[in-house]
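Peer 1: Input file: data-v8.txt. Contents: compact mmCIF, C-alpha atoms.
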# COMPACT_ATOMS: atom_id res chain seq x y z
CA MET H 1395 -20.36 76.90 -23.68
CA ARG H 1396 -19.64 76.94 -19.94
CA LYS H 1397 -23.18 75.78 -19.19
CA ALA H 1398 -22.83 72.90 -21.62
CA VAL H 1399 -19.56 71.75 -20.10
CA THR H 1400 -21.10 71.93 -16.63
CA ARG H 1401 -24.01 69.76 -17.76
CA VAL H 1402 -21.69 67.07 -19.09
CA LEU H 1403 -19.49 67.15 -15.99
CA LEU H 1404 -22.55 66.79 -13.74
CA LEU H 1405 -23.65 63.80 -15.77
CA LEU H 1406 -20.25 62.16 -15.49
CA VAL H 1407 -20.10 62.71 -11.73
CA CYS H 1408 -23.60 61.42 -11.08
CA ALA H 1409 -23.28 58.36 -13.31
CA GLY H 1410 -19.68 57.52 -12.42
CA VAL H 1411 -20.40 55.36 -9.40
CA SER H 1412 -19.87 51.78 -8.40
CA THR H 1413 -22.51 49.59 -10.01
CA PRO H 1414 -23.56 46.06 -8.96
CA VAL H 1415 -22.77 43.41 -11.56
CA PHE H 1416 -26.40 42.38 -11.91
CA ALA H 1417 -27.44 45.76 -13.36
CA ARG H 1418 -27.82 45.31 -17.10
CA CYS H 1419 -29.40 47.46 -19.77
CA ALA H 1420 -31.85 44.78 -20.86
CA SER H 1421 -32.50 42.96 -17.59
CA GLY H 1422 -35.17 45.22 -16.13
CA VAL H 1423 -33.34 45.15 -12.78
CA PRO H 1424 -33.16 48.68 -11.32
CA TYR H 1425 -29.75 50.12 -10.65
CA GLN H 1426 -29.33 50.76 -6.92
CA GLN H 1427 -26.94 53.31 -5.44
CA SER H 1428 -25.94 53.05 -1.81
CA GLU H 1429 -27.32 55.61 0.61
CA ALA H 1430 -23.83 57.06 1.14
CA VAL H 1431 -23.33 57.58 -2.59
CA GLN H 1432 -26.78 59.17 -2.96
CA ARG H 1433 -25.95 61.67 -0.21
CA ARG H 1434 -22.64 62.69 -1.76
CA TYR H 1435 -23.75 62.57 -5.41
CA PRO H 1436 -27.33 63.86 -5.65
CA ASP H 1437 -29.19 64.02 -8.93
CA PRO H 1438 -28.07 66.93 -11.13
CA VAL H 1439 -30.32 69.97 -11.32
CA VAL H 1440 -30.01 70.16 -15.12
CA GLN H 1441 -32.31 68.41 -17.59
CA LEU H 1442 -30.26 66.30 -19.98
CA GLY H 1443 -33.04 64.89 -22.17
CA THR H 1444 -31.30 61.60 -22.92
CA PRO H 1445 -32.89 58.14 -22.53
CA ALA H 1446 -31.37 57.25 -19.15
CA PHE H 1447 -32.73 60.47 -17.66
CA ALA H 1448 -36.30 60.11 -18.91
CA ALA H 1449 -39.09 60.39 -16.36
CA ASP H 1450 -39.52 57.20 -14.31
CA LYS H 1451 -36.53 55.57 -16.02
CA LYS H 1452 -35.05 52.92 -13.72
CA ASP H 1453 -32.21 51.49 -15.80
CA PHE H 1454 -29.48 52.60 -18.18
CA THR H 1455 -30.07 53.33 -21.87
CA SER H 1456 -30.71 50.14 -23.83
CA HIS H 1457 -29.28 49.77 -27.31
CA ASP H 1458 -32.70 50.06 -28.93
CA GLU H 1459 -33.30 53.29 -26.99
CA LEU H 1460 -29.94 54.63 -28.11
CA ILE H 1461 -30.68 53.89 -31.77
CA ARG H 1462 -34.12 55.54 -31.56
CA PHE H 1463 -32.70 58.60 -29.80
CA ILE H 1464 -30.06 59.06 -32.50
CA ALA H 1465 -32.59 58.60 -35.32
CA GLU H 1466 -34.90 61.20 -33.79
CA LEU H 1467 -31.96 63.56 -33.36
CA GLU H 1468 -31.01 63.22 -37.02
CA ARG H 1469 -34.57 64.02 -38.08
CA SER H 1470 -34.59 67.15 -35.92
CA THR H 1471 -31.63 68.96 -37.48
CA ASP H 1472 -29.73 69.63 -40.69
CA ASN H 1473 -26.23 69.57 -39.19
CA LEU H 1474 -26.04 65.83 -38.46
CA LEU H 1475 -25.42 62.71 -40.53
CA VAL H 1476 -25.67 59.30 -38.86
CA ARG H 1477 -23.53 56.50 -40.25
CA ARG H 1478 -22.97 52.92 -39.24
CA ALA H 1479 -19.32 52.65 -38.27
CA GLY H 1480 -19.56 48.87 -37.90
CA HIS H 1481 -21.13 46.06 -35.89
CA SER H 1482 -20.36 44.42 -32.58
CA GLN H 1483 -19.48 40.74 -32.29
CA GLU H 1484 -23.14 39.93 -31.63
CA GLY H 1485 -24.34 42.03 -34.55
CA ARG H 1486 -25.40 45.23 -32.80
CA PRO H 1487 -24.83 48.34 -34.93
CA ILE H 1488 -22.23 50.90 -33.85
CA PRO H 1489 -23.59 54.29 -34.97
CA ALA H 1490 -21.36 57.27 -35.67
CA LEU H 1491 -22.67 60.85 -35.62
CA LEU H 1492 -21.00 63.39 -37.91
CA PHE H 1493 -21.71 67.05 -37.16
CA SER H 1494 -20.97 69.87 -39.60
CA SER H 1495 -22.43 73.36 -39.91
CA THR H 1496 -22.20 73.19 -43.71
CA GLY H 1497 -24.45 70.15 -44.13
CA ARG H 1498 -21.62 68.31 -45.94
CA PHE H 1499 -20.27 65.30 -44.12
CA SER H 1500 -17.72 63.42 -46.22
CA ALA H 1501 -14.30 62.98 -44.66
CA ALA H 1502 -12.69 65.04 -47.41
CA GLU H 1503 -15.14 67.89 -46.82
CA LEU H 1504 -14.64 67.79 -43.06
CA ARG H 1505 -10.87 67.93 -43.48
CA SER H 1506 -11.00 70.67 -46.13
CA ARG H 1507 -12.76 73.18 -43.88
CA ALA H 1508 -9.56 74.34 -42.15
CA LYS H 1509 -11.32 73.72 -38.84
CA PRO H 1510 -10.35 71.14 -36.23
CA VAL H 1511 -12.11 67.78 -36.28
CA VAL H 1512 -12.99 66.49 -32.80
CA PHE H 1513 -13.63 62.74 -32.38
CA LEU H 1514 -15.51 61.64 -29.23
CA VAL H 1515 -15.97 58.01 -28.12
CA GLY H 1516 -18.18 56.76 -25.29
CA GLN H 1517 -18.64 53.47 -23.45
CA ALA H 1518 -15.72 51.45 -24.72
CA HIS H 1519 -16.16 49.69 -21.38
CA GLY H 1520 -19.70 48.38 -21.21
CA ASN H 1521 -20.12 48.88 -17.47
CA GLU H 1522 -19.16 52.58 -17.67
CA PRO H 1523 -22.37 54.13 -19.04
CA ALA H 1524 -21.68 57.75 -18.05
CA GLY H 1525 -19.40 58.36 -21.03
CA GLY H 1526 -21.99 57.04 -23.46
CA GLU H 1527 -24.78 59.08 -21.91
CA ALA H 1528 -22.56 62.17 -21.93
CA MET H 1529 -21.96 61.63 -25.65
CA LEU H 1530 -25.72 61.61 -26.25
CA ALA H 1531 -26.07 64.80 -24.19
CA VAL H 1532 -23.30 66.48 -26.21
CA ALA H 1533 -24.87 65.28 -29.47
CA ARG H 1534 -28.23 66.75 -28.49
CA ALA H 1535 -26.60 70.06 -27.57
CA LEU H 1536 -24.76 70.15 -30.90
CA ALA H 1537 -27.86 69.28 -32.90
CA THR H 1538 -30.45 71.57 -31.36
CA GLY H 1539 -29.00 73.09 -28.20
CA GLU H 1540 -26.44 75.50 -26.85
CA LEU H 1541 -23.45 73.84 -28.54
CA ARG H 1542 -24.83 74.25 -32.07
CA PRO H 1543 -22.86 77.52 -32.68
CA LEU H 1544 -19.66 75.64 -31.82
CA LEU H 1545 -19.91 73.90 -35.20
CA GLU H 1546 -18.86 77.16 -36.84
CA GLN H 1547 -15.45 76.54 -35.28
CA VAL H 1548 -15.07 72.74 -35.28
CA SER H 1549 -16.50 69.60 -36.83
CA VAL H 1550 -17.44 66.79 -34.46
CA VAL H 1551 -17.63 63.01 -34.86
CA ILE H 1552 -19.23 61.02 -32.02
CA VAL H 1553 -19.33 57.26 -31.45
CA PRO H 1554 -21.57 57.21 -28.36
CA ARG H 1555 -21.32 53.48 -27.64
CA ALA H 1556 -18.20 51.70 -28.83
CA ASN H 1557 -19.03 48.46 -27.01
CA PRO H 1558 -22.73 47.62 -27.51
CA ASP H 1559 -22.41 44.01 -26.35
CA GLY H 1560 -20.60 44.96 -23.16
CA ALA H 1561 -23.26 47.58 -22.48
CA HIS H 1562 -26.01 44.99 -22.99
CA TYR H 1563 -24.45 42.55 -20.51
CA PHE H 1564 -23.15 45.36 -18.30
CA TRP H 1565 -19.59 44.14 -18.17
CA ARG H 1566 -16.31 45.83 -19.03
CA ALA H 1567 -15.11 43.82 -22.02
CA THR H 1568 -16.70 42.81 -25.31
CA ALA H 1569 -18.69 39.65 -26.01
CA ARG H 1570 -15.41 37.74 -26.49
CA CYS H 1571 -14.18 39.04 -23.11
CA VAL H 1572 -11.47 41.17 -24.72
CA ASP H 1573 -10.96 44.73 -23.49
CA ILE H 1574 -11.20 47.26 -26.34
CA ASN H 1575 -8.53 49.37 -24.64
CA ARG H 1576 -6.09 46.47 -25.06
CA ASP H 1577 -6.80 46.01 -28.76
CA TYR H 1578 -5.65 49.22 -30.44
CA ILE H 1579 -2.40 47.61 -31.63
CA LYS H 1580 -3.52 44.16 -32.83
CA VAL H 1581 -7.07 45.26 -33.77
CA ASP H 1582 -8.59 41.80 -33.40
CA LEU H 1583 -12.07 43.10 -32.56
CA PRO H 1584 -14.69 44.43 -34.98
CA GLU H 1585 -15.50 47.17 -32.48
CA THR H 1586 -11.90 48.43 -32.43
CA MET H 1587 -11.70 48.16 -36.21
CA ALA H 1588 -14.84 50.28 -36.58
CA ILE H 1589 -13.37 53.09 -34.47
CA LEU H 1590 -9.94 53.01 -36.11
CA ARG H 1591 -11.38 52.83 -39.63
CA LEU H 1592 -13.50 55.93 -39.00
CA ALA H 1593 -10.66 57.74 -37.24
CA ASN H 1594 -8.30 57.04 -40.14
CA GLU H 1595 -10.95 58.32 -42.53
CA VAL H 1596 -11.69 61.64 -40.82
CA GLN H 1597 -8.17 62.14 -39.34
CA PRO H 1598 -9.26 64.01 -36.20
CA ASP H 1599 -7.18 66.71 -34.57
CA VAL H 1600 -8.56 65.78 -31.13
CA PHE H 1601 -9.56 62.28 -29.96
CA VAL H 1602 -11.41 61.87 -26.64
CA ASP H 1603 -12.16 58.43 -25.17
CA THR H 1604 -14.51 58.86 -22.17
CA HIS H 1605 -14.50 56.56 -19.14
CA GLU H 1606 -15.65 56.43 -15.52
CA PHE H 1607 -13.77 56.42 -12.23
CA SER H 1608 -15.48 54.63 -9.39
CA VAL H 1609 -16.16 56.36 -6.07
CA ALA H 1610 -16.71 53.22 -4.03
CA THR H 1611 -14.25 50.46 -4.86
CA ARG H 1612 -10.61 49.78 -4.09
CA TRP H 1613 -9.57 53.41 -4.63
CA VAL H 1614 -11.62 54.49 -1.61
CA GLU H 1615 -10.71 51.39 0.39
What does the file become when written as structure tokens?

Peer 2:
Amino acid sequence: MRKAVTRVLLLLVCAGVSTPVFARCASGVPYQQSEAVQRRYPDPVVQLGTPAFAADKKDFTSHDELIRFIAELERSTDNLLVRRAGHSQEGRPIPALLFSSTGRFSAAELRSRAKPVVFLVGQAHGNEPAGGEAMLAVARALATGELRPLLEQVSVVIVPRANPDGAHYFWRATARCVDINRDYIKVDLPETMAILRLANEVQPDVFVDTHEFSVATRWVE
């Protein structure tokens, strides 16, 4: 358990850096860190096995890569069911990963197990990819890695990328330029509706929304 937490924390530290606005998942433009950031935040020594950390990978995880990674993960284990929580404004699917040691994944079955339900959300802000990549790392560890025994104690629901359009364009908000974090009351966005609908269905005991904190913008200045 401690090793798994360390892996996720290393990922968040290494990915949580200031990113130029031109870096997009689909653009083919490599993401460039400054020399100062590279010195202070070297690559982690662990192997995470997620798309952004593949050999010779020069950009963040694209949406197609994310969908393929999740599909391969589902085929590799019996403790995971992948659902479509909804779609983004531009029609990109928002997958949800339901983990249960029993192989039964309905909301009623998850709630009836007398075990906490943990709900994890990544990349609500499209230009904060570390949370989304961390969610994929956690999902892999739950499916086939060191976190698999944890499912005897909890059930886990993961939405690794809540804002697919923002991730594609590498900007904070959604395609309509509305911040998901400002929409949990009105619920005008299909992305917010997808998260709330699933959360209301599974009624989690713990809800974690992962973000990044820049090391090189106004906070340092």

Peer 1: Identify which of the residues H:Arg1505, H:Arg1555, H:Arg1570, H:Arg1498 lies closest to H:Ala1528, counting all atoms listed in the file when measuring atom-to-atom distances.

Peer 2: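 The shortest atom-to-atom distance to H:Ala1528 comes from H:Arg1555.
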
Peer 1: At a cut-off of 10 Å, can you tabulate as a tab-separated table every residue of stretch 1486-1584 of chain H near stretch 1431-1455 of chain H together with its closest atom pair and the distance in Å to one decimal, using all atoms listed in the file and ordering rows by chain then number?

Peer 2:
residue	atom	partner	partner_atom	distance
H:Pro1523	CA	H:Phe1454	CA	7.3
H:Ala1524	CA	H:Phe1454	CA	9.3
H:Gly1526	CA	H:Thr1455	CA	9.0
H:Glu1527	CA	H:Thr1444	CA	7.1
H:Ala1528	CA	H:Thr1444	CA	8.8
H:Met1529	CA	H:Thr1444	CA	9.7
H:Leu1530	CA	H:Thr1444	CA	6.5
H:Ala1531	CA	H:Leu1442	CA	6.1
H:Val1532	CA	H:Leu1442	CA	9.3
H:Ala1533	CA	H:Thr1444	CA	9.9
H:Arg1534	CA	H:Gly1443	CA	8.2
H:Ala1535	CA	H:Leu1442	CA	9.2
H:Ala1561	CA	H:Thr1455	CA	8.9
H:His1562	CA	H:Thr1455	CA	9.3
H:Phe1564	CA	H:Phe1454	CA	9.6

Peer 1: State, in Å with one decimal place, the distance from atom CA of H:Leu1545 to atom CA of H:Pro1487.

Peer 2: 26.0 Å

Peer 1: What separation in Å, quoted to one decimal, exists between atom CA of H:Ala1501 and atom CA of H:Glu1522?

Peer 2: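 Spanning atom CA of H:Ala1501 to atom CA of H:Glu1522 is a straight-line distance of 29.3 Å.
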
Peer 1: Suppose you want the space between atom CA of H:Leu1541 and atom CA of H:Ser1506; what is it in Å?

Peer 2: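 Between atom CA of H:Leu1541 and atom CA of H:Ser1506 the gap is 21.8 Å.
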
Peer 1: Between H:Ala1593, H:Thr1538, H:Thr1604, H:Ala1518, which is the closest to H:Asp1577 once you count all atoms listed in the file?

Peer 2: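 Closest to H:Asp1577 of all the choices is H:Ala1518.
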
Peer 1: Of the candidates H:Arg1591, H:Lys1509, H:Arg1486, H:His1481, which shows the shortest atom-to-atom distance to H:Ser1456, using all atoms listed in the file?

Peer 2: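 The shortest atom-to-atom distance to H:Ser1456 comes from H:Arg1486.
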
Peer 1: Write out as a ChimeraX atom specification the residues lying within 9 Å of stretch 1581-1588 of chain H, counting all atoms listed in the file and excluding same-chain residues fewer than 5 positions away.

Peer 2: /H:1478-1483,1488,1518,1556-1558,1568,1570,1572,1574-1576,1593

Peer 1: Those selected residues, please, written with C-alpha atoms and delivered as a PDB file, keeping the file's coordinate frame.

Peer 2:
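result_35.pdb written:
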ATOM      1  CA  ARG H1478     -22.970  52.920 -39.240  1.00  0.00           C
ATOM      2  CA  ALA H1479     -19.320  52.650 -38.270  1.00  0.00           C
ATOM      3  CA  GLY H1480     -19.560  48.870 -37.900  1.00  0.00           C
ATOM      4  CA  HIS H1481     -21.130  46.060 -35.890  1.00  0.00           C
ATOM      5  CA  SER H1482     -20.360  44.420 -32.580  1.00  0.00           C
ATOM      6  CA  GLN H1483     -19.480  40.740 -32.290  1.00  0.00           C
ATOM      7  CA  ILE H1488     -22.230  50.900 -33.850  1.00  0.00           C
ATOM      8  CA  ALA H1518     -15.720  51.450 -24.720  1.00  0.00           C
ATOM      9  CA  ALA H1556     -18.200  51.700 -28.830  1.00  0.00           C
ATOM     10  CA  ASN H1557     -19.030  48.460 -27.010  1.00  0.00           C
ATOM     11  CA  PRO H1558     -22.730  47.620 -27.510  1.00  0.00           C
ATOM     12  CA  THR H1568     -16.700  42.810 -25.310  1.00  0.00           C
ATOM     13  CA  ARG H1570     -15.410  37.740 -26.490  1.00  0.00           C
ATOM     14  CA  VAL H1572     -11.470  41.170 -24.720  1.00  0.00           C
ATOM     15  CA  ILE H1574     -11.200  47.260 -26.340  1.00  0.00           C
ATOM     16  CA  ASN H1575      -8.530  49.370 -24.640  1.00  0.00           C
ATOM     17  CA  ARG H1576      -6.090  46.470 -25.060  1.00  0.00           C
ATOM     18  CA  ALA H1593     -10.660  57.740 -37.240  1.00  0.00           C
TER      19      ALA H1593
END

Peer 1: I'd like the contact shell of H:Asp1599 - 8 Å cut-off, only C-alpha atoms, skipping same-chain residues fewer than 5 positions apart - returned as a VMD selection string.

Peer 2: chain H and resid 1510 to 1513

Peer 1: With all atoms listed in the file as the basis for distance, which of H:Phe1499, H:Phe1493, H:Tyr1563, H:Phe1463 is at the shortest distance from H:Val1550?

Peer 2: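 Between H:Phe1499, H:Phe1493, H:Tyr1563, H:Phe1463, the residue approaching H:Val1550 most closely is H:Phe1493.
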
Peer 1: Show me the residues close to (-26.8, 58.8, -44.1) - anything with an atom within 10 Å, counting all atoms listed in the file - and format the list as a ChimeraX atom specification.

Peer 2: /H:1468,1474-1478,1491-1492,1499

Peer 1: Which one is closest to H:Thr1496: H:Leu1590, H:Glu1546, H:Ala1508, H:Arg1462? Count all atoms listed in the file.

Peer 2: H:Glu1546

Peer 1: Listed atoms of stretch 1543-1560 of chain H, axis-aligned box, 3 Å per side: centre and edge lengths to one decimal in Å, as lines of an AutoDock Vina configuration file?

Peer 2:
center_x = -19.0
center_y = 60.8
center_z = -30.0
size_x = 13.8
size_y = 39.5
size_z = 19.7
